[in-house]
Every structure is written in structure tokens, then in C-alpha cells.
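**Student:** Please find run_28.pdb (PDB, C-alpha atoms) on the next line:
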ATOM      1  CA  MET Q  19     -65.508  39.502 -41.905
ATOM      2  CA  GLN Q  20     -64.373  41.540 -38.997
ATOM      3  CA  SER Q  21     -65.682  39.223 -36.341
ATOM      4  CA  GLY Q  22     -66.565  35.744 -37.483
ATOM      5  CA  ILE Q  23     -68.730  33.116 -35.910
ATOM      6  CA  ASN Q  24     -67.758  32.546 -32.312
ATOM      7  CA  VAL Q  25     -67.586  28.836 -31.655
ATOM      8  CA  ILE Q  26     -66.243  27.981 -28.238
ATOM      9  CA  LEU Q  27     -65.524  24.342 -27.551
ATOM     10  CA  ALA Q  28     -65.185  24.412 -23.777
ATOM     11  CA  PRO Q  29     -67.999  25.685 -21.558
ATOM     12  CA  GLU Q  30     -67.400  29.083 -20.069
ATOM     13  CA  LYS Q  31     -66.888  29.417 -16.352
ATOM     14  CA  ILE Q  32     -69.353  31.748 -14.655
ATOM     15  CA  GLY Q  33     -68.098  31.610 -11.099
ATOM     16  CA  SER Q  34     -66.781  29.205  -8.562
ATOM     17  CA  LEU Q  35     -68.160  27.690  -5.405
ATOM     18  CA  TRP Q  36     -65.692  26.560  -2.746
ATOM     19  CA  GLY Q  37     -63.063  26.011  -5.411
ATOM     20  CA  ILE Q  38     -65.294  24.107  -7.847
ATOM     21  CA  PRO Q  39     -65.821  26.035 -11.094
ATOM     22  CA  ILE Q  40     -69.448  26.678 -11.976
ATOM     23  CA  THR Q  41     -69.813  26.586 -15.748
ATOM     24  CA  ASN Q  42     -72.878  27.607 -17.687
ATOM     25  CA  THR Q  43     -73.576  23.997 -18.615
ATOM     26  CA  LEU Q  44     -73.692  23.163 -14.898
ATOM     27  CA  ILE Q  45     -76.334  25.835 -14.347
ATOM     28  CA  THR Q  46     -78.355  24.492 -17.272
ATOM     29  CA  SER Q  47     -78.092  20.941 -15.954
ATOM     30  CA  TRP Q  48     -79.531  22.139 -12.632
ATOM     31  CA  ALA Q  49     -82.421  23.591 -14.631
ATOM     32  CA  VAL Q  50     -82.875  20.199 -16.346
ATOM     33  CA  VAL Q  51     -82.920  18.429 -12.979
ATOM     34  CA  ILE Q  52     -85.467  20.906 -11.594
ATOM     35  CA  VAL Q  53     -87.703  20.449 -14.654
ATOM     36  CA  LEU Q  54     -87.563  16.665 -14.391
ATOM     37  CA  VAL Q  55     -88.230  16.667 -10.639
ATOM     38  CA  ILE Q  56     -91.202  19.024 -11.003
ATOM     39  CA  ILE Q  57     -92.708  16.953 -13.805
ATOM     40  CA  SER Q  58     -92.250  13.677 -11.968
ATOM     41  CA  PHE Q  59     -93.709  15.005  -8.719
ATOM     42  CA  THR Q  60     -96.705  16.547 -10.491
ATOM     43  CA  ILE Q  61     -97.490  13.362 -12.341
ATOM     44  CA  SER Q  62     -96.920  10.964  -9.492
ATOM     45  CA  SER Q  63     -99.011  12.989  -7.063
ATOM     46  CA  ARG Q  64    -102.015  12.682  -9.319
ATOM     47  CA  LEU Q  65    -101.994   8.945  -9.864
ATOM     48  CA  LYS Q  66    -105.418   7.386  -9.609
ATOM     49  CA  MET Q  67    -106.573   3.790  -9.668
ATOM     50  CA  ILE Q  68    -108.850   4.513 -12.626
ATOM     51  CA  PRO Q  69    -106.405   6.339 -14.846
ATOM     52  CA  SER Q  70    -107.135   9.454 -16.811
ATOM     53  CA  ARG Q  71    -106.098   9.543 -20.442
ATOM     54  CA  PHE Q  72    -102.891  11.393 -19.642
ATOM     55  CA  GLN Q  73    -101.904   8.801 -17.103
ATOM     56  CA  LEU Q  74    -102.824   6.056 -19.569
ATOM     57  CA  LEU Q  75    -100.362   7.498 -22.043
ATOM     58  CA  PHE Q  76     -97.541   7.438 -19.522
ATOM     59  CA  GLU Q  77     -98.458   3.960 -18.348
ATOM     60  CA  TRP Q  78     -98.410   2.749 -21.927
ATOM     61  CA  LEU Q  79     -94.995   4.329 -22.532
ATOM     62  CA  VAL Q  80     -93.493   2.899 -19.378
ATOM     63  CA  GLU Q  81     -94.918  -0.546 -20.108
ATOM     64  CA  PHE Q  82     -93.656  -0.461 -23.679
ATOM     65  CA  ILE Q  83     -90.107   0.404 -22.680
ATOM     66  CA  TYR Q  84     -90.147  -1.959 -19.682
ATOM     67  CA  ASP Q  85     -91.286  -4.846 -21.867
ATOM     68  CA  TYR Q  86     -88.615  -4.073 -24.420
ATOM     69  CA  VAL Q  87     -85.921  -4.044 -21.737
ATOM     70  CA  ALA Q  88     -87.260  -7.302 -20.260
ATOM     71  CA  GLU Q  89     -87.377  -8.921 -23.687
ATOM     72  CA  THR Q  90     -83.822  -7.877 -24.530
ATOM     73  CA  LEU Q  91     -82.396  -8.926 -21.186
ATOM     74  CA  GLU Q  92     -84.586 -12.061 -21.111
ATOM     75  CA  SER Q  93     -85.259 -11.660 -17.420
ATOM     76  CA  ARG Q  94     -87.833  -9.565 -15.635
ATOM     77  CA  GLU Q  95     -85.709  -9.208 -12.502
ATOM     78  CA  LEU Q  96     -82.826  -7.737 -14.444
ATOM     79  CA  ALA Q  97     -85.266  -5.455 -16.216
ATOM     80  CA  ARG Q  98     -86.505  -4.307 -12.823
ATOM     81  CA  VAL Q  99     -82.935  -3.488 -11.792
ATOM     82  CA  PHE Q 100     -81.917  -1.690 -14.957
ATOM     83  CA  PHE Q 101     -85.078   0.007 -16.148
ATOM     84  CA  PRO Q 102     -84.743   3.016 -13.770
ATOM     85  CA  TYR Q 103     -81.175   3.692 -14.837
ATOM     86  CA  LEU Q 104     -81.872   3.378 -18.562
ATOM     87  CA  ALA Q 105     -85.022   5.472 -18.391
ATOM     88  CA  THR Q 106     -83.266   8.148 -16.347
ATOM     89  CA  ILE Q 107     -80.403   8.367 -18.815
ATOM     90  CA  PHE Q 108     -82.877   8.712 -21.657
ATOM     91  CA  LEU Q 109     -84.959  11.342 -19.859
ATOM     92  CA  PHE Q 110     -81.946  13.369 -18.766
ATOM     93  CA  ILE Q 111     -80.358  13.461 -22.215
ATOM     94  CA  PHE Q 112     -83.654  14.076 -24.001
ATOM     95  CA  THR Q 113     -84.694  16.899 -21.660
ATOM     96  CA  SER Q 114     -81.270  18.525 -21.917
ATOM     97  CA  ASN Q 115     -81.475  18.373 -25.687
ATOM     98  CA  LEU Q 116     -84.973  19.835 -25.696
ATOM     99  CA  LEU Q 117     -84.045  22.598 -23.278
ATOM    100  CA  GLU Q 118     -81.433  24.015 -25.632
ATOM    101  CA  PHE Q 119     -84.183  25.420 -27.864
ATOM    102  CA  LEU Q 120     -85.803  27.421 -25.109
ATOM    103  CA  PRO Q 121     -85.422  31.149 -25.820
ATOM    104  CA  GLY Q 122     -82.726  32.485 -23.554
ATOM    105  CA  VAL Q 123     -80.475  29.464 -23.605
ATOM    106  CA  GLY Q 124     -77.348  30.654 -25.319
ATOM    107  CA  SER Q 125     -78.483  34.234 -25.764
ATOM    108  CA  ILE Q 126     -78.860  35.628 -22.243
ATOM    109  CA  GLY Q 127     -75.453  36.401 -20.860
ATOM    110  CA  PHE Q 128     -72.885  39.002 -20.154
ATOM    111  CA  PHE Q 129     -69.674  40.236 -21.635
ATOM    112  CA  ALA Q 130     -66.776  38.784 -19.705
ATOM    113  CA  ALA Q 131     -63.315  40.284 -19.475
ATOM    114  CA  GLY Q 132     -61.779  40.447 -22.924
ATOM    115  CA  GLY Q 133     -65.031  41.269 -24.691
ATOM    116  CA  VAL Q 134     -66.088  37.657 -25.168
ATOM    117  CA  PHE Q 135     -69.811  37.042 -24.862
ATOM    118  CA  THR Q 136     -70.513  34.468 -22.146
ATOM    119  CA  PRO Q 137     -74.011  33.013 -22.171
ATOM    120  CA  LEU Q 138     -75.499  32.158 -18.802
ATOM    121  CA  PHE Q 139     -77.102  28.954 -20.053
ATOM    122  CA  ARG Q 140     -75.591  26.535 -22.495
ATOM    123  CA  SER Q 141     -76.936  23.255 -23.743
ATOM    124  CA  VAL Q 142     -75.855  20.562 -21.339
ATOM    125  CA  ASN Q 143     -74.571  17.991 -23.812
ATOM    126  CA  THR Q 144     -72.278  20.465 -25.564
ATOM    127  CA  ASP Q 145     -69.989  19.985 -22.598
ATOM    128  CA  LEU Q 146     -67.632  17.067 -23.018
ATOM    129  CA  ASN Q 147     -67.434  16.711 -19.225
ATOM    130  CA  VAL Q 148     -71.134  15.843 -19.022
ATOM    131  CA  THR Q 149     -71.082  13.271 -21.805
ATOM    132  CA  LEU Q 150     -67.872  11.785 -20.444
ATOM    133  CA  MET Q 151     -69.535  11.451 -17.049
ATOM    134  CA  LEU Q 152     -72.529   9.668 -18.539
ATOM    135  CA  ALA Q 153     -70.249   7.394 -20.546
ATOM    136  CA  ILE Q 154     -68.136   6.482 -17.502
ATOM    137  CA  ILE Q 155     -71.241   5.737 -15.429
ATOM    138  CA  SER Q 156     -72.579   3.511 -18.201
ATOM    139  CA  PHE Q 157     -69.211   1.814 -18.554
ATOM    140  CA  PHE Q 158     -69.020   0.978 -14.869
ATOM    141  CA  THR Q 159     -72.631  -0.190 -14.868
ATOM    142  CA  ILE Q 160     -71.900  -2.580 -17.714
ATOM    143  CA  GLU Q 161     -68.684  -3.934 -16.208
ATOM    144  CA  VAL Q 162     -70.040  -4.362 -12.690
ATOM    145  CA  THR Q 163     -73.147  -6.053 -14.071
ATOM    146  CA  GLY Q 164     -71.059  -8.503 -16.052
ATOM    147  CA  ILE Q 165     -68.900  -9.304 -13.035
ATOM    148  CA  VAL Q 166     -71.832  -9.665 -10.648
ATOM    149  CA  VAL Q 167     -74.025 -11.777 -12.928
ATOM    150  CA  ILE Q 168     -71.545 -14.273 -14.358
ATOM    151  CA  GLY Q 169     -68.662 -14.004 -11.920
ATOM    152  CA  VAL Q 170     -65.195 -12.479 -12.123
ATOM    153  CA  TRP Q 171     -63.361 -15.423 -13.704
ATOM    154  CA  LYS Q 172     -65.880 -16.078 -16.441
ATOM    155  CA  TYR Q 173     -66.201 -12.406 -17.248
ATOM    156  CA  GLY Q 174     -62.451 -11.880 -17.245
ATOM    157  CA  GLY Q 175     -62.115 -15.055 -19.274
ATOM    158  CA  LYS Q 176     -63.968 -13.388 -22.089
ATOM    159  CA  PHE Q 177     -61.085 -10.978 -22.540
ATOM    160  CA  ILE Q 178     -57.973 -12.779 -21.339
ATOM    161  CA  ASN Q 179     -58.391 -16.084 -23.098
ATOM    162  CA  VAL Q 180     -55.387 -18.227 -22.270
ATOM    163  CA  THR Q 181     -56.813 -21.710 -22.691
ATOM    164  CA  HIS Q 182     -58.084 -21.795 -26.235
ATOM    165  CA  GLY Q 183     -55.086 -20.899 -28.340
ATOM    166  CA  PHE Q 184     -53.360 -17.909 -29.805
ATOM    167  CA  ILE Q 185     -56.021 -16.428 -32.060
ATOM    168  CA  PRO Q 186     -58.744 -16.344 -29.361
ATOM    169  CA  PHE Q 187     -56.193 -14.630 -27.122
ATOM    170  CA  VAL Q 188     -55.668 -11.853 -29.635
ATOM    171  CA  VAL Q 189     -59.420 -11.592 -30.189
ATOM    172  CA  GLY Q 190     -59.887 -11.285 -26.448
ATOM    173  CA  LEU Q 191     -57.354  -8.463 -26.287
ATOM    174  CA  ILE Q 192     -59.099  -6.669 -29.123
ATOM    175  CA  GLU Q 193     -62.388  -7.058 -27.271
ATOM    176  CA  LEU Q 194     -60.802  -5.617 -24.126
ATOM    177  CA  PHE Q 195     -59.555  -2.630 -26.087
ATOM    178  CA  SER Q 196     -62.973  -2.194 -27.644
ATOM    179  CA  GLU Q 197     -64.610  -2.232 -24.191
ATOM    180  CA  ILE Q 198     -62.422   0.619 -23.046
ATOM    181  CA  MET Q 199     -62.940   2.536 -26.281
ATOM    182  CA  ARG Q 200     -66.650   2.448 -25.502
ATOM    183  CA  ILE Q 201     -66.155   5.313 -23.087
ATOM    184  CA  VAL Q 202     -64.689   7.424 -25.886
ATOM    185  CA  SER Q 203     -67.312   6.427 -28.392
ATOM    186  CA  PHE Q 204     -70.278   6.965 -26.036
ATOM    187  CA  SER Q 205     -69.121  10.384 -24.942
ATOM    188  CA  PHE Q 206     -67.979  11.650 -28.318
ATOM    189  CA  ARG Q 207     -71.037  10.396 -30.161
ATOM    190  CA  LEU Q 208     -73.368  12.416 -27.933
ATOM    191  CA  PHE Q 209     -71.025  15.397 -27.657
ATOM    192  CA  GLY Q 210     -70.303  15.490 -31.399
ATOM    193  CA  ASN Q 211     -73.939  15.279 -32.424
ATOM    194  CA  ILE Q 212     -75.188  17.973 -30.069
ATOM    195  CA  PHE Q 213     -72.206  20.295 -30.420
ATOM    196  CA  ALA Q 214     -72.275  20.007 -34.205
ATOM    197  CA  GLY Q 215     -75.997  20.786 -34.102
ATOM    198  CA  GLU Q 216     -75.396  23.915 -32.043
ATOM    199  CA  THR Q 217     -72.597  25.037 -34.371
ATOM    200  CA  LEU Q 218     -74.801  24.359 -37.391
ATOM    201  CA  ILE Q 219     -77.580  26.497 -35.950
ATOM    202  CA  LEU Q 220     -75.032  29.255 -35.271
ATOM    203  CA  VAL Q 221     -73.695  29.141 -38.824
ATOM    204  CA  VAL Q 222     -77.159  29.104 -40.391
ATOM    205  CA  THR Q 223     -78.240  31.978 -38.162
ATOM    206  CA  TYR Q 224     -75.270  33.941 -39.413
ATOM    207  CA  PHE Q 225     -76.181  33.413 -43.049
ATOM    208  CA  ILE Q 226     -79.999  33.403 -43.037
ATOM    209  CA  PRO Q 227     -81.095  35.166 -39.877
ATOM    210  CA  PHE Q 228     -84.569  34.588 -38.357
ATOM    211  CA  VAL Q 229     -85.743  32.044 -40.930
ATOM    212  CA  GLY Q 230     -82.813  29.738 -41.573
ATOM    213  CA  PRO Q 231     -82.487  28.118 -38.154
ATOM    214  CA  VAL Q 232     -86.106  26.934 -38.005
ATOM    215  CA  PRO Q 233     -85.827  23.705 -40.065
ATOM    216  CA  VAL Q 234     -82.375  23.104 -38.602
ATOM    217  CA  MET Q 235     -83.813  23.346 -35.099
ATOM    218  CA  ALA Q 236     -86.612  20.953 -35.988
ATOM    219  CA  PHE Q 237     -84.012  18.498 -37.240
ATOM    220  CA  GLU Q 238     -81.950  18.986 -34.102
ATOM    221  CA  ILE Q 239     -84.915  18.137 -31.899
ATOM    222  CA  PHE Q 240     -85.173  14.855 -33.785
ATOM    223  CA  VAL Q 241     -81.418  14.294 -33.478
ATOM    224  CA  GLY Q 242     -81.620  15.009 -29.743
ATOM    225  CA  PHE Q 243     -84.308  12.364 -29.322
ATOM    226  CA  VAL Q 244     -82.402   9.832 -31.420
ATOM    227  CA  GLN Q 245     -79.143  10.380 -29.553
ATOM    228  CA  ALA Q 246     -80.847  10.002 -26.186
ATOM    229  CA  ALA Q 247     -82.503   6.785 -27.359
ATOM    230  CA  VAL Q 248     -79.238   5.514 -28.867
ATOM    231  CA  PHE Q 249     -77.333   6.141 -25.635
ATOM    232  CA  SER Q 250     -79.725   4.154 -23.468
ATOM    233  CA  LEU Q 251     -80.313   1.482 -26.126
ATOM    234  CA  LEU Q 252     -76.594   0.940 -26.504
ATOM    235  CA  THR Q 253     -76.150   0.687 -22.741
ATOM    236  CA  LEU Q 254     -78.934  -1.888 -22.745
ATOM    237  CA  PHE Q 255     -77.364  -3.908 -25.567
ATOM    238  CA  PHE Q 256     -73.935  -3.834 -23.984
ATOM    239  CA  ILE Q 257     -75.403  -4.982 -20.669
ATOM    240  CA  LYS Q 258     -77.003  -7.847 -22.574
ATOM    241  CA  ILE Q 259     -73.683  -8.721 -24.201
ATOM    242  CA  ALA Q 260     -71.905  -8.475 -20.843
ATOM    243  CA  ILE Q 261     -74.203 -10.959 -19.148
ATOM    244  CA  MET Q 262     -74.013 -13.456 -22.001
ATOM    245  CA  GLU Q 263     -72.011 -16.561 -21.284
ATOM    246  CA  PRO Q 264     -68.740 -16.913 -23.190
ATOM    247  CA  HIS Q 265     -68.919 -18.972 -26.364
ATOM    248  CA  GLY Q 266     -68.052 -22.434 -25.047
ATOM    249  CA  ALA Q 267     -70.820 -22.569 -22.458
ATOM    250  CA  GLU Q 268     -73.311 -21.171 -24.952
ATOM    251  CA  ALA Q 269     -72.552 -23.956 -27.410
ATOM    252  CA  GLU Q 270     -73.041 -26.518 -24.652
ATOM    253  CA  ALA Q 271     -76.442 -25.125 -23.754
ATOM    254  CA  HIS Q 272     -77.754 -25.700 -27.277
TER     255      HIS Q 272
ATOM    256  CA  MET B  28     -48.868  29.046 -43.786
ATOM    257  CA  ASP B  29     -49.217  29.889 -40.136
ATOM    258  CA  LEU B  30     -50.223  27.428 -37.439
ATOM    259  CA  GLN B  31     -53.861  28.522 -37.019
ATOM    260  CA  SER B  32     -54.866  28.140 -40.616
ATOM    261  CA  SER B  33     -52.943  24.923 -41.089
ATOM    262  CA  GLN B  34     -54.675  23.518 -37.983
ATOM    263  CA  THR B  35     -58.063  24.406 -39.394
ATOM    264  CA  LEU B  36     -57.202  22.919 -42.761
ATOM    265  CA  ALA B  37     -55.858  19.752 -41.141
ATOM    266  CA  MET B  38     -59.035  19.313 -39.112
ATOM    267  CA  ALA B  39     -61.159  19.757 -42.212
ATOM    268  CA  ILE B  40     -59.135  17.195 -44.154
ATOM    269  CA  ALA B  41     -59.040  14.706 -41.275
ATOM    270  CA  VAL B  42     -62.755  14.821 -40.624
ATOM    271  CA  GLY B  43     -63.645  14.928 -44.312
ATOM    272  CA  PHE B  44     -61.652  11.872 -45.268
ATOM    273  CA  GLY B  45     -62.540  10.107 -42.071
ATOM    274  CA  MET B  46     -66.230  10.235 -42.811
ATOM    275  CA  ILE B  47     -66.037   8.571 -46.208
ATOM    276  CA  GLY B  48     -65.482   5.015 -44.972
ATOM    277  CA  PRO B  49     -68.069   4.955 -42.181
ATOM    278  CA  GLY B  50     -70.564   6.675 -44.442
ATOM    279  CA  ILE B  51     -70.283   3.962 -47.046
ATOM    280  CA  GLY B  52     -70.206   1.307 -44.338
ATOM    281  CA  ILE B  53     -73.382   2.461 -42.629
ATOM    282  CA  GLY B  54     -75.113   2.671 -45.988
ATOM    283  CA  LEU B  55     -74.148  -0.919 -46.750
ATOM    284  CA  ILE B  56     -75.305  -2.097 -43.326
ATOM    285  CA  GLY B  57     -78.644  -0.351 -43.747
ATOM    286  CA  ALA B  58     -79.086  -1.712 -47.250
ATOM    287  CA  SER B  59     -78.463  -5.308 -46.249
ATOM    288  CA  ALA B  60     -80.687  -4.961 -43.166
ATOM    289  CA  LEU B  61     -83.507  -3.573 -45.282
ATOM    290  CA  GLU B  62     -83.079  -6.338 -47.817
ATOM    291  CA  ALA B  63     -83.207  -8.939 -45.058
ATOM    292  CA  ILE B  64     -86.362  -7.372 -43.641
ATOM    293  CA  GLY B  65     -87.846  -7.274 -47.100
ATOM    294  CA  ARG B  66     -87.270 -10.982 -47.569
ATOM    295  CA  ASN B  67     -88.669 -11.836 -44.144
ATOM    296  CA  PRO B  68     -90.781  -9.085 -42.570
ATOM    297  CA  GLU B  69     -91.455 -11.123 -39.445
ATOM    298  CA  ALA B  70     -87.779 -11.126 -38.471
ATOM    299  CA  GLN B  71     -87.783  -7.380 -38.097
ATOM    300  CA  GLY B  72     -87.643  -7.536 -34.312
ATOM    301  CA  ARG B  73     -84.454  -9.560 -34.432
ATOM    302  CA  ILE B  74     -82.765  -7.811 -37.325
ATOM    303  CA  THR B  75     -83.181  -4.235 -36.122
ATOM    304  CA  PRO B  76     -81.103  -4.481 -32.905
ATOM    305  CA  LEU B  77     -78.328  -6.258 -34.801
ATOM    306  CA  MET B  78     -78.397  -3.537 -37.428
ATOM    307  CA  PHE B  79     -78.096  -0.914 -34.700
ATOM    308  CA  THR B  80     -75.150  -2.728 -33.148
ATOM    309  CA  ALA B  81     -73.345  -2.906 -36.477
ATOM    310  CA  ILE B  82     -74.046   0.771 -37.165
ATOM    311  CA  VAL B  83     -72.635   1.657 -33.752
ATOM    312  CA  PHE B  84     -69.363  -0.084 -34.510
ATOM    313  CA  ALA B  85     -69.086   1.615 -37.900
ATOM    314  CA  GLU B  86     -69.953   4.974 -36.411
ATOM    315  CA  ALA B  87     -67.314   4.566 -33.719
ATOM    316  CA  LEU B  88     -64.666   4.827 -36.437
ATOM    317  CA  ALA B  89     -66.223   8.049 -37.676
ATOM    318  CA  ILE B  90     -66.055   9.336 -34.136
ATOM    319  CA  PHE B  91     -62.372   8.440 -33.911
ATOM    320  CA  ALA B  92     -61.780  10.617 -36.980
ATOM    321  CA  LEU B  93     -63.721  13.424 -35.335
ATOM    322  CA  VAL B  94     -61.699  13.111 -32.142
ATOM    323  CA  VAL B  95     -58.455  13.311 -34.111
ATOM    324  CA  GLY B  96     -59.816  16.412 -35.830
ATOM    325  CA  PHE B  97     -60.597  18.044 -32.497
ATOM    326  CA  ILE B  98     -57.167  17.169 -31.117
ATOM    327  CA  VAL B  99     -55.455  18.607 -34.168
ATOM    328  CA  LYS B 100     -57.390  21.830 -34.100
ATOM    329  CA  PHE B 101     -57.545  22.576 -30.429
ATOM    330  CA  THR B 102     -54.189  21.390 -29.145
TER     331      THR B 102
END
Let me see whether you can do it: turn the structure in this file into C-alpha cells.
**Tutor:**
Amino acid sequence: MQSGINVILAPEKIGSLWGIPITNTLITSWAVVIVLVIISFTISSRLKMIPSRFQLLFEWLVEFIYDYVAETLESRELARVFFPYLATIFLFIFTSNLLEFLPGVGSIGFFAAGGVFTPLFRSVNTDLNVTLMLAIISFFTIEVTGIVVIGVWKYGGKFINVTHGFIPFVVGLIELFSEIMRIVSFSFRLFGNIFAGETLILVVTYFIPFVGPVPVMAFEIFVGFVQAAVFSLLTLFFIKIAIMEPHGAEAEAH
Amino acid sequence: MDLQSSQTLAMAIAVGFGMIGPGIGIGLIGASALEAIGRNPEAQGRITPLMFTAIVFAEALAIFALVVGFIVKFT
């Protein structure tokens, strides 16, 4: 093969604005934001007291997810606080994953210096910066929630466990390490799934053009939905774990 | 063997071997969760989140292998 399959890990830089590099994933994420804003404004401007069927569908979806969040967190006030964040994360990731199948994303571009093809739009979650950003935001949400809800000493006491003996101390340190590794696992799970999907579509297109990518793309739509749901579900579960009392107090409550 | 090809080979080996354990692990988790649901279909609402949590921990190890593969190939 003279020129093989061109798989580029890092997003390509299109230009720069006041010293900040503008990559093609940044441009695509602006497109995602515009799509979400347009959809939300169109729907919310047409809300009626007697809902149409379309509005009923959205109300049912929102209620379903809201009830699930409230049931997991066991508190409707906490659900009220966290539901916007979790739903936004899900919508952002899901829309970005859907947008990568729009014709033009990945194929419209120009030839940069050096003969390398630079697409103007690139799927947002194939950029490790984006997934790392989402993971860090989720991490800080979880930590700050734990500290605010059960207090600094109790929350810190879950990890640095000096009173109960040596083994709980080691377990606490392992839990601390696992908390920090969550950033890595959140970001790389999403990045790996979406980037591997893009690479798979590229490889299949190379071998069976026009027909091959179709079932792969259908599968990738499903994977995109699952990864978006997994990201927000995991944030929800980790928030629930963070606001749980440490083991001693829980045993007393029973 | 030059550096490029040995990097590619190393990534393939790292990711390939690294996926064996988590693959088996997630299969075992799913199997036991399904068996538990089969014994007691009403407990599905409580078993499913726990199954997801366990799968997440097992998958994290697979992701560590993937990260090592990326580091080996691209650095």
C-alpha cells in the first residue's frame, strides 16, 4: 500500500484566536452547542398547558429520568440540584456522537502544509481534551458534593482512616487512589469507544467502500448512546456513593 | 526491527493481552447478574445498578491496558 489508512490521534489545528488554538473538534462542539440551543428554544417556546403528543413524549422522558435520579439519590432536593447537570452531560455527549454521522463531518476539509488532509469538522469525543474536561468536571462535582453534603471531616475520613486500624487505612488509601483514577477511566472510556469507532469505520471504508460502513455506523450510533448514558449514570452512582455515610454510621442507623 | 514497527507491535500485544482478563471478568459479572435476576425477577431494579458498577470497575482495567498501549505507540 502506498498510502495506508490515515489515523490521527490528536485533533488538527485549523487556526488560532488570540493565542488559543482552534481545532476542528472545537468547531464541531460549537455546532453541537448551536444544535442543542436551537432545539431547546424551539421546544420550550411551544409549551402549552394541554400538551401535544410531542410535548407529552418529552415530558414522559424528563419525568422518567428525573424519577430515576430521585430514586437513586433518595432525595428529591438532591435530584433537583443534579438533574440539570446529568441531563446536560447526557445530551451533549449523545448529540456529539450523533453528529459525527452527518455527511461532511470528517470529509469536508482542506490539504494543510505537508499534504495531510485536515477535515474541518471532527467528532467531538475523539478529542481527548474534551473527554478529559468532562471527566474533570464530573470529578469535581462528585468531590464537592461529598464535602458539602456530609462535611469535610467525614468525607475525608472515608479515605484517610486513622482510627480503625491498619487494614482500613490501606483500604482507604486504595479508595483514594481509585477516586483519582476515575478521571482517567471516565475520559478514556468515552475517548476510546468513540475514537475506536471512528477508526473502525475508516478501516471498513477502506476495505469495503460504500456498503461496509453502514452496519458499523448503525452499531456506532448505539455505542454513542450507551456511552453517553454510561457517563451520566456513572456520575450519578458516584455522587450517590459520595454522599453515603461511612460504614460505622451506616451500621448504627440500622 | 526499527522503532516504528516495534511500537506498533508492542501496542498490539499490550492491548490484546490486556483485554483478556476484563473480557472474562465482565462475562462472569453479567452471567451471575443474569442468574440472580432469573432466580428473583423482582430484584431486577436493585441488581442492575450493582451489575453496572461492577462492570465499570472491570472495564477500568481494560482501559488502563488501552492507555498503556497508546503511551507505547505514540510516545
**Student:** Report the closest atom pair, with its distance in Å rounded to one decimal, for each residue of chain B that has an atom no farther than 9 Å from chain Q; count all atoms listed in the file, sort by chain and then rising residue number, and write it as JSON lines.
**Tutor:**
{"residue": "B:Pro76", "atom": "CA", "partner": "Q:Phe255", "partner_atom": "CA", "distance": 8.3}
{"residue": "B:Phe79", "atom": "CA", "partner": "Q:Leu252", "partner_atom": "CA", "distance": 8.5}
{"residue": "B:Thr80", "atom": "CA", "partner": "Q:Leu252", "partner_atom": "CA", "distance": 7.7}
{"residue": "B:Val83", "atom": "CA", "partner": "Q:Leu252", "partner_atom": "CA", "distance": 8.3}
{"residue": "B:Glu86", "atom": "CA", "partner": "Q:Arg207", "partner_atom": "CA", "distance": 8.3}
{"residue": "B:Ala87", "atom": "CA", "partner": "Q:Ser203", "partner_atom": "CA", "distance": 5.6}
{"residue": "B:Leu88", "atom": "CA", "partner": "Q:Ser203", "partner_atom": "CA", "distance": 8.6}
{"residue": "B:Ile90", "atom": "CA", "partner": "Q:Arg207", "partner_atom": "CA", "distance": 6.5}
{"residue": "B:Phe91", "atom": "CA", "partner": "Q:Ser203", "partner_atom": "CA", "distance": 7.7}
{"residue": "B:Leu93", "atom": "CA", "partner": "Q:Gly210", "partner_atom": "CA", "distance": 7.9}
{"residue": "B:Val94", "atom": "CA", "partner": "Q:Phe206", "partner_atom": "CA", "distance": 7.5}
{"residue": "B:Phe101", "atom": "CA", "partner": "Q:Leu27", "partner_atom": "CA", "distance": 8.7}
**Student:** Just so the selection is clear, what residues does the PyMOL selection byres ((chain B and resi 37-53) around 6) cover here, as a PyMOL selection string?
**Tutor:** chain B and resi 33-36+54-56+82+85+89+92-93+96+100
**Student:** How far is it from atom CA of Q:Ala28 to atom CA of Q:Ile126, in Å with one decimal?
**Tutor:**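 Going from atom CA of Q:Ala28 over to atom CA of Q:Ile126 covers 17.8 Å.
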**Student:** In Å, rounded to a single decimal, give me how far atom CA of Q:Leu254 is from atom CA of Q:Gly175.
**Tutor:**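 Spanning atom CA of Q:Gly175 to atom CA of Q:Leu254 is a straight-line distance of 21.6 Å.
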**Student:** Expressed in Å to a single decimal, how great is the separation between atom CA of Q:Val180 and atom CA of Q:Ile257?
**Tutor:**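 Answer for the atom CA of Q:Val180 to atom CA of Q:Ile257 separation: 24.1 Å.
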**Student:** Please provide the set of residues having any atom within 12 Å of Q:Glu77, restricted to all atoms listed in the file, with same-chain residues fewer than 5 positions apart removed, written as a list in words.
**Tutor:** Ile61, Ser62, Leu65, Lys66, Met67, Ile68, Pro69, Ser70, Arg71, Phe72, Phe82, Ile83, Tyr84 and Asp85 of chain Q
**Student:** Could you give me, as an NGL selection string, the residues within 9 Å of Q:Phe249, counting all atoms listed in the file and dropping anything in the same chain fewer than 5 positions from it?
**Tutor:** :Q and (104 or 107-108 or 111 or 153 or 204 or 207-208 or 244 or 254)
**Student:** Can you tell me, as a list in words, what residues are no more than 8 Å from Q:Asn42 when counting only C-alpha atoms, ignoring any on the same chain fewer than 4 positions away?
**Tutor:** Pro29, Glu30, Lys31, Ile32, Thr46, Pro137, Leu138, Phe139 and Arg140 of chain Q
**Student:** In terms of the shortest atom-to-atom distance over all atoms listed in the file, which of Q:Ile201, Q:Ile185, Q:Leu191, Q:Ile57 is closest to Q:Phe158?
**Tutor:**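 Closest residue, counting all atoms listed in the file: Q:Ile201.
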**Student:** Find the axis-aligned box for stretch 42-49 of chain B, covering all its listed atoms and adding 5 Å on each side, and write its centre and edge lengths in Å to one decimal as JSON.
**Tutor:**
{"center_x": -64.9, "center_y": 9.9, "center_z": -43.4, "size_x": 16.4, "size_y": 20.0, "size_z": 15.6}
**Student:** Can you turn the PyMOL selection byres ((chain Q and resi 99) around 12) into a concrete residue list for this file, as a count of residues only?
**Tutor:** 20
**Student:** Using all atoms listed in the file for the distances, tell me which of B:Asn67, B:Ser32, B:Ser59, B:Thr75 is nearest to B:Val99.
**Tutor:** B:Ser32
**Student:** Quick one: everything within 12 Å of Q:Ser141, counting only C-alpha atoms, minus sequence neighbours fewer than 6 positions away in the same chain. Send it as number ranges by chain.
**Tutor:** Q: 28-30, 41-50, 111-125, 148-149, 209, 212-217, 242
